[in-house]
Amino acid sequence: MYDDATIMKRVCAGEYLLFDELVLRYRARLLRFAWSKFGNFSAAEDLVQEAFLSAFAARESYNPSFAFSTWLWTIFLNLCRRHYKREQRSPREIVHSSMTDAVVIPEPSSSETPLEIALKTEQFALLARYLSELSEVQADALRLRFFGGMKFTEIALTMDCSLSAAKIRVKNGLLQLAHRFSEASTSEGDVS
Amino acid sequence: MNCDEAFDLITHPTDHNCEELQWHLELCPRCRQMKETLAPALDTFHQILDDSLNDSDFNEMGSDLHQMQDQKSAAHFPQAGNPFLSAETVRIAEQAATRLRAEAESNQLTKQPAKSKLYQRRLMHAALILFAGILMGWGVSALTPENHIPVGANNLQKQQPCLWIAQSTENAKQSYQTEMDRVSVNNVVLSCVACHLQSTAK
Ligand SMILES: [Zn+2]
């Protein structure tokens with residue numbers, strides 16, 4: 001199959017349906033990111049769709065001097081941050097948006113994909129909740145690293161920061177998360 | 001592998017159990033400690049990824065997700081007048097492209113001078129060594145005109161190994177002082193120059 005840059009070149013030349021291949025390649029990762037940030041599957045789906053649509057609409061501005069994936073993630077991260085800001089401003093409109101309250105885990109239905117089922121576990125909900133307690137940049141860096149499967153250089157480009165800043169965000173975020181998980185397991189032990 | 005590369009692997013979504021990392025962890029208590037400290041968070045991420053990675057993603061595999069996506073994405077692209085797409089959203093994409101392009105270009109620009117700087121530095125290095133050699137040779141010949149100065153660099157190295165390198169060995173440490181007394185100044189200088197010229201040429 002073609003690489004991302006070739007697909008974009010052909011899409012720009014009019015082979016629009018090839019763009020589907022890019023959707024297949026990145027959709028699951030983007031969904032995992034957004035689902036962990038907003039805890040709402042339909043909001044996550046909307047954001048992912050919006051990111052792909054805007055990349056498609058702005059396809060002429062793409063240039064092979066940078067990776068398509070980095071571009072897509074940059075667009076997506078910006079859309080997620082915009083959505084996050086809106087949520088912070090009007091939290092009543094969105095159900096369990098900030099995830100500081102108890103996270104609702106929807107019952108899996110038979111039509112769901114393994115990805116959706118995996119994202120609806122208690123463990124994922126807990127992780128998403130602890131991520132929401134971190135600073136936004138730390139949490140996003142962790143999401144990009146683990147859910148996006150990105151290299152640190154790609155994270156730095158996407159977040160528009162230095163390589164060392166990207167690493168520090170991931171490292172400090174992990175330290176805080178690890179501390180939070182340990183705390184939770186200790187208090188669980190105390191209760192039982 | 002250094003500790004920085006080890007951190008890359010410790011936090012790698014899929015390669016976090018690779019052999020190279022295990023070797024490093026066995027030898028490096030600092031990274032071992034780091035991995036243990038981060039374990040509660042890392043394990044959760046890795047477990048979630050292991051559970052959901054069957055479907056697609058990093059391996060670009062998967063059946064059911066793809067089928068679902070085939071149906072969905074066919075409806076997504078390309079469609080005019082989709083309610084999700086606003087002018088602002090497209091502008092976000094264009095701005096991202098502009099920034100990434102500028103970064104790619106500036107990266108290329110900084111790479112080229114770095115190459116020429118390296119070349120300049122090597123030239124300077126060689127010139128300095130040559131200059132030092134000439135200067136010392138002149139000084140030595142002025143002081144000890146009766147000394148015969150050997151010409152071939154290879155011969156020089158056989159006569160006298162570079163003292164800076166030899167100094168690191170136990171033998172050299174013990175005999176360093178007596179050696180310094182015994183060896184004439186011009187031999188030391190010329191042997192060093194010969195040795196370093198060779199290593200620079202390599
Ligand atoms: Zn180490």
# chains A, B, ... in the order shown; residues from 1 in each chain; ligands from 1

$ interface_residues --of "chain B" --to "chain A" --cutoff "6 Å" --atoms "only C-alpha atoms" --output "count of residues only"
11

$ residues_near_ligand --ligand "ligand 1" --cutoff "7 Å" --atoms "only C-alpha atoms and all ligand atoms" --output "PyMOL selection string"
chain B and resi 2-3+6+24-25+28-31

$ write_last_selection --atoms "all heavy atoms" --output "short mmCIF file (atom, residue, chain, number, x, y, z; two decimals), in the first residue's frame"
data_model
loop_
_atom_site.label_atom_id
_atom_site.label_comp_id
_atom_site.auth_asym_id
_atom_site.auth_seq_id
_atom_site.Cartn_x
_atom_site.Cartn_y
_atom_site.Cartn_z
N ASN B 2 21.98 4.47 25.85
CA ASN B 2 22.16 5.33 27.02
C ASN B 2 20.82 5.45 27.77
O ASN B 2 19.79 4.92 27.34
CB ASN B 2 22.71 6.70 26.61
CG ASN B 2 21.81 7.40 25.62
OD1 ASN B 2 20.59 7.28 25.66
ND2 ASN B 2 22.41 8.14 24.69
N CYS B 3 20.83 6.16 28.88
CA CYS B 3 19.64 6.23 29.73
C CYS B 3 18.48 6.96 29.03
O CYS B 3 17.31 6.68 29.28
CB CYS B 3 19.97 6.90 31.05
SG CYS B 3 21.13 5.92 32.01
N ALA B 6 16.94 4.53 26.86
CA ALA B 6 16.22 3.58 27.71
C ALA B 6 14.86 4.15 28.10
O ALA B 6 13.86 3.43 28.11
CB ALA B 6 17.05 3.25 28.94
N HIS B 24 19.91 -3.17 29.38
CA HIS B 24 20.26 -1.88 29.99
C HIS B 24 19.79 -1.84 31.45
O HIS B 24 20.54 -1.40 32.33
CB HIS B 24 19.64 -0.73 29.20
CG HIS B 24 19.98 0.62 29.76
ND1 HIS B 24 21.13 1.30 29.40
CD2 HIS B 24 19.36 1.39 30.69
CE1 HIS B 24 21.19 2.44 30.08
NE2 HIS B 24 20.12 2.52 30.87
N LEU B 25 18.58 -2.35 31.69
CA LEU B 25 18.03 -2.30 33.05
C LEU B 25 18.85 -3.15 34.01
O LEU B 25 19.01 -2.80 35.18
CB LEU B 25 16.57 -2.75 33.05
CG LEU B 25 15.58 -1.81 32.35
CD1 LEU B 25 14.19 -2.41 32.35
CD2 LEU B 25 15.55 -0.44 33.01
N CYS B 28 21.84 -0.90 34.75
CA CYS B 28 21.66 0.50 35.16
C CYS B 28 20.64 0.62 36.29
O CYS B 28 19.43 0.57 36.05
CB CYS B 28 21.23 1.33 33.96
SG CYS B 28 20.98 3.06 34.35
N PRO B 29 21.10 0.79 37.52
CA PRO B 29 20.17 0.89 38.66
C PRO B 29 19.26 2.12 38.58
O PRO B 29 18.13 2.09 39.04
CB PRO B 29 21.09 0.98 39.88
CG PRO B 29 22.44 1.29 39.36
CD PRO B 29 22.51 0.87 37.94
N ARG B 30 19.77 3.18 37.94
CA ARG B 30 19.01 4.42 37.84
C ARG B 30 17.73 4.22 37.00
O ARG B 30 16.64 4.59 37.41
CB ARG B 30 19.89 5.50 37.21
CG ARG B 30 19.40 6.89 37.45
CD ARG B 30 20.31 7.89 36.78
NE ARG B 30 19.61 8.54 35.68
CZ ARG B 30 20.18 9.36 34.83
NH1 ARG B 30 21.45 9.63 34.92
NH2 ARG B 30 19.49 9.93 33.88
N CYS B 31 17.90 3.58 35.86
CA CYS B 31 16.75 3.34 34.99
C CYS B 31 15.82 2.28 35.59
O CYS B 31 14.60 2.35 35.42
CB CYS B 31 17.20 2.91 33.60
SG CYS B 31 17.93 4.26 32.67
#

$ atom_distance --atom1 "atom CA of Val48 of chain A" --atom2 "atom CA of Cys80 of chain A"
9.1 Å

$ closest_residue --among "A:Thr6, A:Ser187, A:Ser164, A:Leu30" --to "Asp4 of chain B" --atoms "only C-alpha atoms"
A:Ser164

$ select_by_dssp --residues "chain A" --states "helix (DSSP H, G or I)" --output "MDAnalysis selection string"
chainID A and resid 4:12 16:38 41:57 59:61 68:89 91:93 114:118 122:133 136:146 152:159 163:191

$ atom_distance --atom1 "atom CA of Leu77 of chain A" --atom2 "atom CA of Asp140 of chain A"
8.2 Å

$ atom_distance --atom1 "atom CA of Ala128 of chain A" --atom2 "atom CA of Lys37 of chain A"
6.6 Å
